[in-house]
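work.cif (mmCIF, C-alpha atoms)
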data_protein
#
loop_
_atom_site.label_atom_id
_atom_site.label_comp_id
_atom_site.auth_asym_id
_atom_site.auth_seq_id
_atom_site.Cartn_x
_atom_site.Cartn_y
_atom_site.Cartn_z
CA MET A 17 -25.13 0.80 -78.37
CA ASN A 18 -23.00 3.09 -76.21
CA ASN A 19 -20.39 0.96 -74.44
CA GLU A 20 -18.74 3.86 -72.62
CA PRO A 21 -18.82 3.37 -68.84
CA GLU A 22 -21.18 5.69 -66.96
CA GLN A 23 -19.29 8.43 -65.13
CA ILE A 24 -19.30 8.03 -61.37
CA THR A 25 -19.94 11.30 -59.55
CA PRO A 26 -16.78 11.94 -57.52
CA GLU A 27 -16.79 12.41 -53.75
CA TYR A 28 -13.45 14.15 -53.28
CA ALA A 29 -10.52 15.80 -55.06
CA ILE A 30 -6.89 14.82 -54.48
CA GLN A 31 -4.93 18.06 -54.52
CA PRO A 32 -1.20 18.68 -53.93
CA ASN A 33 -0.47 20.73 -50.82
CA ALA A 34 1.63 23.08 -52.96
CA ILE A 35 -1.50 23.94 -54.97
CA SER A 36 -3.55 24.48 -51.79
CA GLN A 37 -0.86 26.85 -50.55
CA SER A 38 -0.53 28.73 -53.83
CA ALA A 39 -1.74 32.26 -54.53
CA TYR A 40 -4.97 32.68 -56.49
CA GLU A 41 -8.33 34.41 -56.35
CA CYS A 42 -11.67 33.27 -57.69
CA GLY A 43 -15.28 33.25 -56.60
CA THR A 44 -16.93 30.53 -54.53
CA ASN A 45 -18.68 28.67 -57.35
CA ALA A 46 -15.68 28.96 -59.67
CA ARG A 47 -13.51 27.36 -56.97
CA LYS A 48 -16.02 24.56 -56.54
CA ILE A 49 -16.03 23.93 -60.30
CA ILE A 50 -12.22 23.77 -60.25
CA ALA A 51 -12.43 21.23 -57.42
CA MET A 52 -14.89 19.17 -59.47
CA GLY A 53 -12.49 19.24 -62.41
CA THR A 54 -9.58 18.19 -60.20
CA ALA A 55 -11.66 15.33 -58.82
CA LEU A 56 -12.21 14.02 -62.35
CA LEU A 57 -8.58 14.43 -63.44
CA PRO A 58 -7.01 10.94 -63.72
CA MET A 59 -3.94 10.38 -61.56
CA SER A 60 -2.35 8.19 -64.25
CA PRO A 61 -2.95 10.01 -67.55
CA ARG A 62 -2.05 8.17 -70.75
CA SER A 63 -2.20 11.19 -73.09
CA LYS A 64 -2.98 14.89 -73.18
CA GLU A 65 -6.60 13.97 -73.84
CA ASP A 66 -6.77 12.82 -70.21
CA TYR A 67 -6.34 16.45 -69.15
CA THR A 68 -9.88 17.05 -70.45
CA VAL A 69 -12.73 16.54 -67.98
CA SER A 70 -16.44 16.94 -68.50
CA PHE A 71 -19.51 16.86 -66.31
CA THR A 72 -23.15 17.90 -66.37
CA ILE A 73 -24.56 20.61 -64.15
CA SER A 74 -26.61 17.93 -62.37
CA GLU A 75 -23.44 15.93 -61.64
CA PHE A 76 -21.79 19.06 -60.27
CA LEU A 77 -24.75 19.88 -58.03
CA THR A 78 -24.92 16.28 -56.80
CA ALA A 79 -21.18 16.04 -56.07
CA LEU A 80 -21.23 19.16 -53.91
CA ASN A 81 -24.74 18.57 -52.51
CA ILE A 82 -25.89 21.98 -53.76
CA THR A 83 -29.60 22.78 -53.96
CA ASP A 84 -30.71 23.14 -57.57
CA GLY A 85 -32.61 26.13 -58.88
CA THR A 86 -32.74 28.70 -61.67
CA ARG A 87 -30.70 31.23 -59.69
CA GLN A 88 -28.07 28.62 -58.82
CA ARG A 89 -27.68 27.61 -62.46
CA GLU A 90 -27.22 31.24 -63.49
CA LEU A 91 -24.46 31.59 -60.89
CA ILE A 92 -22.83 28.44 -62.26
CA ARG A 93 -22.93 29.88 -65.80
CA SER A 94 -21.05 32.94 -64.57
CA ALA A 95 -18.61 30.78 -62.63
CA VAL A 96 -17.79 28.69 -65.71
CA LYS A 97 -16.78 31.87 -67.54
CA GLU A 98 -14.70 32.94 -64.55
CA CYS A 99 -12.84 29.61 -64.59
CA ALA A 100 -11.67 30.33 -68.12
CA LYS A 101 -9.91 33.49 -66.89
CA SER A 102 -8.65 32.35 -63.48
CA LEU A 103 -4.91 32.27 -62.80
CA ILE A 104 -2.86 30.59 -60.09
CA THR A 105 0.67 31.39 -58.91
CA VAL A 106 2.49 28.20 -57.91
CA GLN A 107 5.40 29.10 -55.67
CA ASP A 108 8.53 26.94 -55.99
CA ASP A 109 10.47 28.91 -53.39
CA ASN A 110 10.87 32.53 -52.26
CA ASP A 111 12.46 33.58 -55.55
CA ALA A 112 10.73 31.39 -58.15
CA TYR A 113 7.13 30.96 -59.14
CA LYS A 114 4.94 29.99 -62.05
CA LEU A 115 1.91 32.09 -62.98
CA MET A 116 -0.47 30.09 -65.15
CA PRO A 117 -4.14 29.65 -66.04
CA TRP A 118 -6.04 26.76 -64.48
CA PHE A 119 -7.49 25.78 -67.86
CA GLN A 120 -6.37 25.85 -71.46
CA GLU A 121 -9.96 25.90 -72.66
CA VAL A 122 -13.44 25.84 -71.18
CA ASN A 123 -16.47 24.79 -73.23
CA ALA A 124 -20.09 24.88 -72.11
CA ASP A 125 -23.17 23.54 -73.89
CA TRP A 126 -26.12 25.07 -72.06
CA ASN A 127 -28.62 23.11 -74.15
CA GLU A 128 -27.04 19.91 -72.87
CA GLN A 129 -26.23 21.53 -69.49
CA LYS A 130 -22.70 20.17 -69.79
CA CYS A 131 -19.21 21.59 -69.19
CA GLU A 132 -15.96 20.43 -70.76
CA MET A 133 -12.74 21.78 -69.27
CA ILE A 134 -9.22 21.25 -70.60
CA PHE A 135 -6.65 21.72 -67.85
CA ASN A 136 -3.53 23.71 -68.62
CA SER A 137 -1.17 20.78 -69.33
CA LYS A 138 1.66 22.15 -67.17
CA LEU A 139 -0.64 22.67 -64.20
CA ALA A 140 -2.29 19.28 -64.75
CA ARG A 141 1.12 17.62 -64.59
CA LEU A 142 1.89 19.49 -61.37
CA ILE A 143 -1.42 18.37 -59.85
CA ILE A 144 -0.61 14.78 -60.77
CA GLU A 145 3.13 14.71 -60.07
CA LEU A 146 3.69 16.92 -57.02
CA LYS A 147 4.24 15.01 -53.80
CA GLY A 148 2.29 15.63 -50.63
CA LYS A 149 -1.43 15.61 -51.45
CA ALA A 150 -4.58 16.23 -49.40
CA ARG A 151 -8.08 14.88 -49.87
CA LEU A 152 -10.67 17.65 -50.30
CA ASP A 153 -14.22 16.47 -49.70
CA LEU A 154 -16.52 17.96 -52.35
CA ILE A 155 -19.60 17.95 -50.12
CA ASP A 156 -17.66 19.79 -47.42
CA MET A 157 -16.62 22.38 -50.00
CA GLY A 158 -20.23 22.61 -51.12
CA LYS A 159 -21.25 23.67 -47.60
CA LEU A 160 -19.02 26.76 -47.69
CA GLN A 161 -20.30 30.02 -49.18
CA SER A 162 -17.33 32.30 -48.55
CA LYS A 163 -14.35 32.10 -50.88
CA TYR A 164 -12.09 32.78 -47.90
CA ALA A 165 -13.70 29.93 -45.95
CA ILE A 166 -12.89 27.60 -48.86
CA ARG A 167 -9.29 28.88 -48.93
CA PHE A 168 -8.91 28.24 -45.20
CA TYR A 169 -10.43 24.76 -45.67
CA GLU A 170 -7.92 23.72 -48.33
CA LEU A 171 -5.05 25.47 -46.54
CA ALA A 172 -5.85 23.65 -43.29
CA MET A 173 -6.18 20.31 -45.10
CA SER A 174 -2.76 20.79 -46.68
CA TYR A 175 -1.29 20.59 -43.16
CA ALA A 176 -3.48 17.74 -41.91
CA GLY A 177 -0.61 15.28 -42.36
CA PHE A 178 1.06 16.90 -39.34
CA ALA A 179 -1.74 15.86 -36.98
CA GLY A 180 -0.18 14.27 -33.89
CA LYS A 181 3.35 15.01 -35.14
CA ASN A 182 6.03 17.61 -34.39
CA GLY A 183 4.53 18.46 -31.02
CA ASN A 184 0.92 18.52 -32.23
CA LYS A 185 -1.66 16.71 -30.12
CA GLU A 186 -3.51 13.71 -31.55
CA ASN A 187 -5.96 14.75 -34.27
CA CYS A 188 -4.65 18.33 -34.04
CA TRP A 189 -2.33 20.27 -36.30
CA TYR A 190 -1.01 23.80 -36.54
CA PHE A 191 -0.22 26.32 -39.26
CA GLU A 192 0.37 30.05 -39.28
CA ARG A 193 0.27 32.86 -41.81
CA GLU A 194 1.12 36.54 -41.53
CA VAL A 195 -1.34 39.16 -42.76
CA GLY A 196 0.86 39.92 -45.76
CA GLU A 197 1.02 36.23 -46.63
CA LEU A 198 -2.78 35.91 -46.47
CA ARG A 199 -3.13 38.95 -48.72
CA GLU A 200 -0.81 37.30 -51.23
CA LEU A 201 -2.36 33.83 -51.02
CA PHE A 202 -5.93 35.13 -51.27
CA ALA A 203 -5.00 37.81 -53.85
CA ILE A 204 -6.33 40.66 -51.70
CA GLY A 205 -4.98 44.02 -52.84
CA ASP A 206 -3.58 46.58 -50.41
CA LYS A 207 -6.53 48.92 -51.03
CA LYS A 208 -9.06 46.33 -49.86
CA TYR A 209 -9.68 46.00 -46.11
CA LYS A 210 -7.09 48.68 -45.38
CA MET A 211 -8.12 48.77 -41.70
CA MET A 212 -6.73 45.79 -39.80
CA LYS A 213 -10.04 45.41 -37.96
CA ASP A 214 -11.92 45.02 -41.25
CA PHE A 215 -9.33 42.54 -42.55
CA ARG A 216 -9.60 40.39 -39.42
CA ILE A 217 -13.40 40.36 -39.49
CA ARG A 218 -13.97 39.83 -43.24
CA VAL A 219 -11.00 37.66 -44.19
CA VAL A 220 -10.29 35.68 -41.01
CA ASP A 221 -12.97 35.75 -38.29
CA GLU A 222 -16.18 35.41 -40.32
CA PRO A 223 -14.87 32.81 -42.82
CA ILE A 224 -13.43 30.64 -40.04
CA GLN A 225 -16.67 30.94 -38.05
CA GLU A 226 -18.51 29.74 -41.16
CA LEU A 227 -16.07 26.86 -41.63
CA ASN A 228 -16.35 25.81 -37.98
CA ALA A 229 -20.16 25.81 -38.19
CA ALA A 230 -20.20 23.76 -41.41
CA ASP A 231 -19.15 20.42 -39.87
CA VAL A 232 -16.26 19.70 -42.25
CA GLY A 233 -14.50 17.28 -39.90
CA PHE A 234 -12.32 19.77 -38.04
CA LYS A 235 -12.47 23.21 -36.43
CA ILE A 236 -9.93 26.03 -36.50
CA GLU A 237 -8.97 27.93 -33.36
CA ILE A 238 -7.51 31.35 -34.10
CA GLU A 239 -4.61 32.77 -32.15
CA TYR A 240 -3.50 36.29 -33.06
CA MET A 241 0.14 37.17 -32.42
CA ARG A 242 1.66 40.64 -32.54
#
Whole structure given in structure tokens:
Amino acid sequence: MNNEPEQITPEYAIQPNAISQSAYECGTNARKIIAMGTALLPMSPRSKEDYTVSFTISEFLTALNITDGTRQRELIRSAVKECAKSLITVQDDNDAYKLMPWFQEVNADWNEQKCEMIFNSKLARLIIELKGKARLDLIDMGKLQSKYAIRFYELAMSYAGFAGKNGNKENCWYFEREVGELRELFAIGDKKYKMMKDFRIRVVDEPIQELNAADVGFKIEIEYMR
């Protein structure tokens, strides 16, 4: 008899604001898989084994309310491979940063339709120990199809604690980023979207329009400053 408790499909990931505001680039499904892994990461690990998370494809689809299908599962297979190569730059201050992989190892059993992901231990400790965390709703992330929309979602949520404070109106909060900062955070090279018009449309306007239409609990109003 198997006495192991049945895994409860998570509803949200608790992520440090410093991670949300870090520089990285990965595709939409890879980012959603990372969020699923973070959601399953225990906040009080007892050993390095607790840095290992596993879930079935069905659990992943359910957690993010994603429609199942052959094409979707093929995209997830590609995203799992991408997760194994994805890097994140965690900025300590203007002169210090840590560049590290999200995962130490990624295993997939496509017969069992199951993924096992071992977080990079240093990053896992940062996720657990860093102060100032935001709650990222997995279903809300599942609604977003643009990787930039997801980045704006987690970036905005990392500032949600300022709602109604420091001059912000009730249930409102404010953050700003320069174009160069967005390029760095979203890992967009200088040769991509070289025209400012293209950058604004593809990286800012369209993703935020998507986010605002997705009913994620808040909307972003854009104000451009020269």
- prompt: Can you list, as number ranges by chain, every protein, DNA or RNA residue that comes within 12 Å of Arg242 of chain A when you count all atoms listed in the file, leaving out same-chain residues fewer than 2 positions away?
  reply: A: 194-195, 239-240
task: Excluding segment 218-221 of chain A and residues on its chain fewer than 5 positions from it, collect all residues at most 9 Å away from it, counting only C-alpha atoms, and give them as a count of residues only.
output: 8
task: Output the residue selection produced by the PyMOL selection byres ((chain A and resi 39-56) around 8) on the file above, formatted as a PyMOL selection string.
output: chain A and resi 26-31+37-38+57-58+69-70+76+79-80+91-92+95-96+98-99+102-107+133+154+157-158+161-163+166+200-203
If you keep C-alpha atoms, can you produce a file of those selected residues as an mmCIF file, keeping the file's coordinate frame?
data_model
loop_
_atom_site.group_PDB
_atom_site.id
_atom_site.type_symbol
_atom_site.label_atom_id
_atom_site.label_comp_id
_atom_site.auth_asym_id
_atom_site.auth_seq_id
_atom_site.Cartn_x
_atom_site.Cartn_y
_atom_site.Cartn_z
ATOM 1 C CA PRO A 26 -16.780 11.940 -57.520
ATOM 2 C CA GLU A 27 -16.790 12.410 -53.750
ATOM 3 C CA TYR A 28 -13.450 14.150 -53.280
ATOM 4 C CA ALA A 29 -10.520 15.800 -55.060
ATOM 5 C CA ILE A 30 -6.890 14.820 -54.480
ATOM 6 C CA GLN A 31 -4.930 18.060 -54.520
ATOM 7 C CA GLN A 37 -0.860 26.850 -50.550
ATOM 8 C CA SER A 38 -0.530 28.730 -53.830
ATOM 9 C CA LEU A 57 -8.580 14.430 -63.440
ATOM 10 C CA PRO A 58 -7.010 10.940 -63.720
ATOM 11 C CA VAL A 69 -12.730 16.540 -67.980
ATOM 12 C CA SER A 70 -16.440 16.940 -68.500
ATOM 13 C CA PHE A 76 -21.790 19.060 -60.270
ATOM 14 C CA ALA A 79 -21.180 16.040 -56.070
ATOM 15 C CA LEU A 80 -21.230 19.160 -53.910
ATOM 16 C CA LEU A 91 -24.460 31.590 -60.890
ATOM 17 C CA ILE A 92 -22.830 28.440 -62.260
ATOM 18 C CA ALA A 95 -18.610 30.780 -62.630
ATOM 19 C CA VAL A 96 -17.790 28.690 -65.710
ATOM 20 C CA GLU A 98 -14.700 32.940 -64.550
ATOM 21 C CA CYS A 99 -12.840 29.610 -64.590
ATOM 22 C CA SER A 102 -8.650 32.350 -63.480
ATOM 23 C CA LEU A 103 -4.910 32.270 -62.800
ATOM 24 C CA ILE A 104 -2.860 30.590 -60.090
ATOM 25 C CA THR A 105 0.670 31.390 -58.910
ATOM 26 C CA VAL A 106 2.490 28.200 -57.910
ATOM 27 C CA GLN A 107 5.400 29.100 -55.670
ATOM 28 C CA MET A 133 -12.740 21.780 -69.270
ATOM 29 C CA LEU A 154 -16.520 17.960 -52.350
ATOM 30 C CA MET A 157 -16.620 22.380 -50.000
ATOM 31 C CA GLY A 158 -20.230 22.610 -51.120
ATOM 32 C CA GLN A 161 -20.300 30.020 -49.180
ATOM 33 C CA SER A 162 -17.330 32.300 -48.550
ATOM 34 C CA LYS A 163 -14.350 32.100 -50.880
ATOM 35 C CA ILE A 166 -12.890 27.600 -48.860
ATOM 36 C CA GLU A 200 -0.810 37.300 -51.230
ATOM 37 C CA LEU A 201 -2.360 33.830 -51.020
ATOM 38 C CA PHE A 202 -5.930 35.130 -51.270
ATOM 39 C CA ALA A 203 -5.000 37.810 -53.850
#
- prompt: Got a sec: who's within 9 Å of Ile73 of chain A, counting only C-alpha atoms, leaving out chain neighbours fewer than 2 positions off, as a ChimeraX atom specification?
  reply: /A:71,75-78,89,92,129-131
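Distances from A:Ala176, A:Gly205, A:Met212, A:Asn182 to Ile236 of chain A were compared using only C-alpha atoms, and the smallest one belongs to A:Ala176.
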Residues matched by the PyMOL selection byres ((chain A and resi 118) around 6) as a PyMOL selection string: chain A and resi 103+117+119+136
Any chance you can output those residues with C-alpha atoms as a compact mmCIF listing (two decimals), keeping the file's coordinate frame?
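Dumped everything to part-v8.txt:
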# COMPACT_ATOMS: atom_id res chain seq x y z
CA LEU A 103 -4.91 32.27 -62.80
CA PRO A 117 -4.14 29.65 -66.04
CA PHE A 119 -7.49 25.78 -67.86
CA ASN A 136 -3.53 23.71 -68.62
field: Residues selected by the PyMOL selection byres ((chain A and resi 189) around 7), written as a ChimeraX atom specification
entry: /A:175-176,178-180,184,187-188,190
query: What gap, in Å, lies between atom CA of Ala172 of chain A and atom CA of Phe234 of chain A?
result: 9.2 Å
task: Would you work out the distance separating atom CA of Gln225 of chain A from atom CA of Gln88 of chain A, expressed in Å to one decimal?
output: 23.8 Å
field: Coordinates-based distance that separates atom CA of Glu237 of chain A from atom CA of Gly177 of chain A (Å, one decimal)
entry: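 Interatomic distance, atom CA of Gly177 of chain A to atom CA of Glu237 of chain A: 17.6 Å.
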- prompt: In terms of the shortest atom-to-atom distance over only C-alpha atoms, which of A:Lys101, A:Lys159, A:Lys207, A:Arg141 is closest to Gln120 of chain A?
  reply: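 Closest to Gln120 of chain A, using only C-alpha atoms: A:Lys101.
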Given 4 Å of margin on each side, can you work out the centre and size in Å (one decimal) of an axis-aligned box holding every listed atom of segment 171-189 of chain A, as AutoDock Vina command-line options?
--center_x -0.1 --center_y 19.6 --center_z -38.4 --size_x 20.2 --size_y 19.8 --size_z 24.6
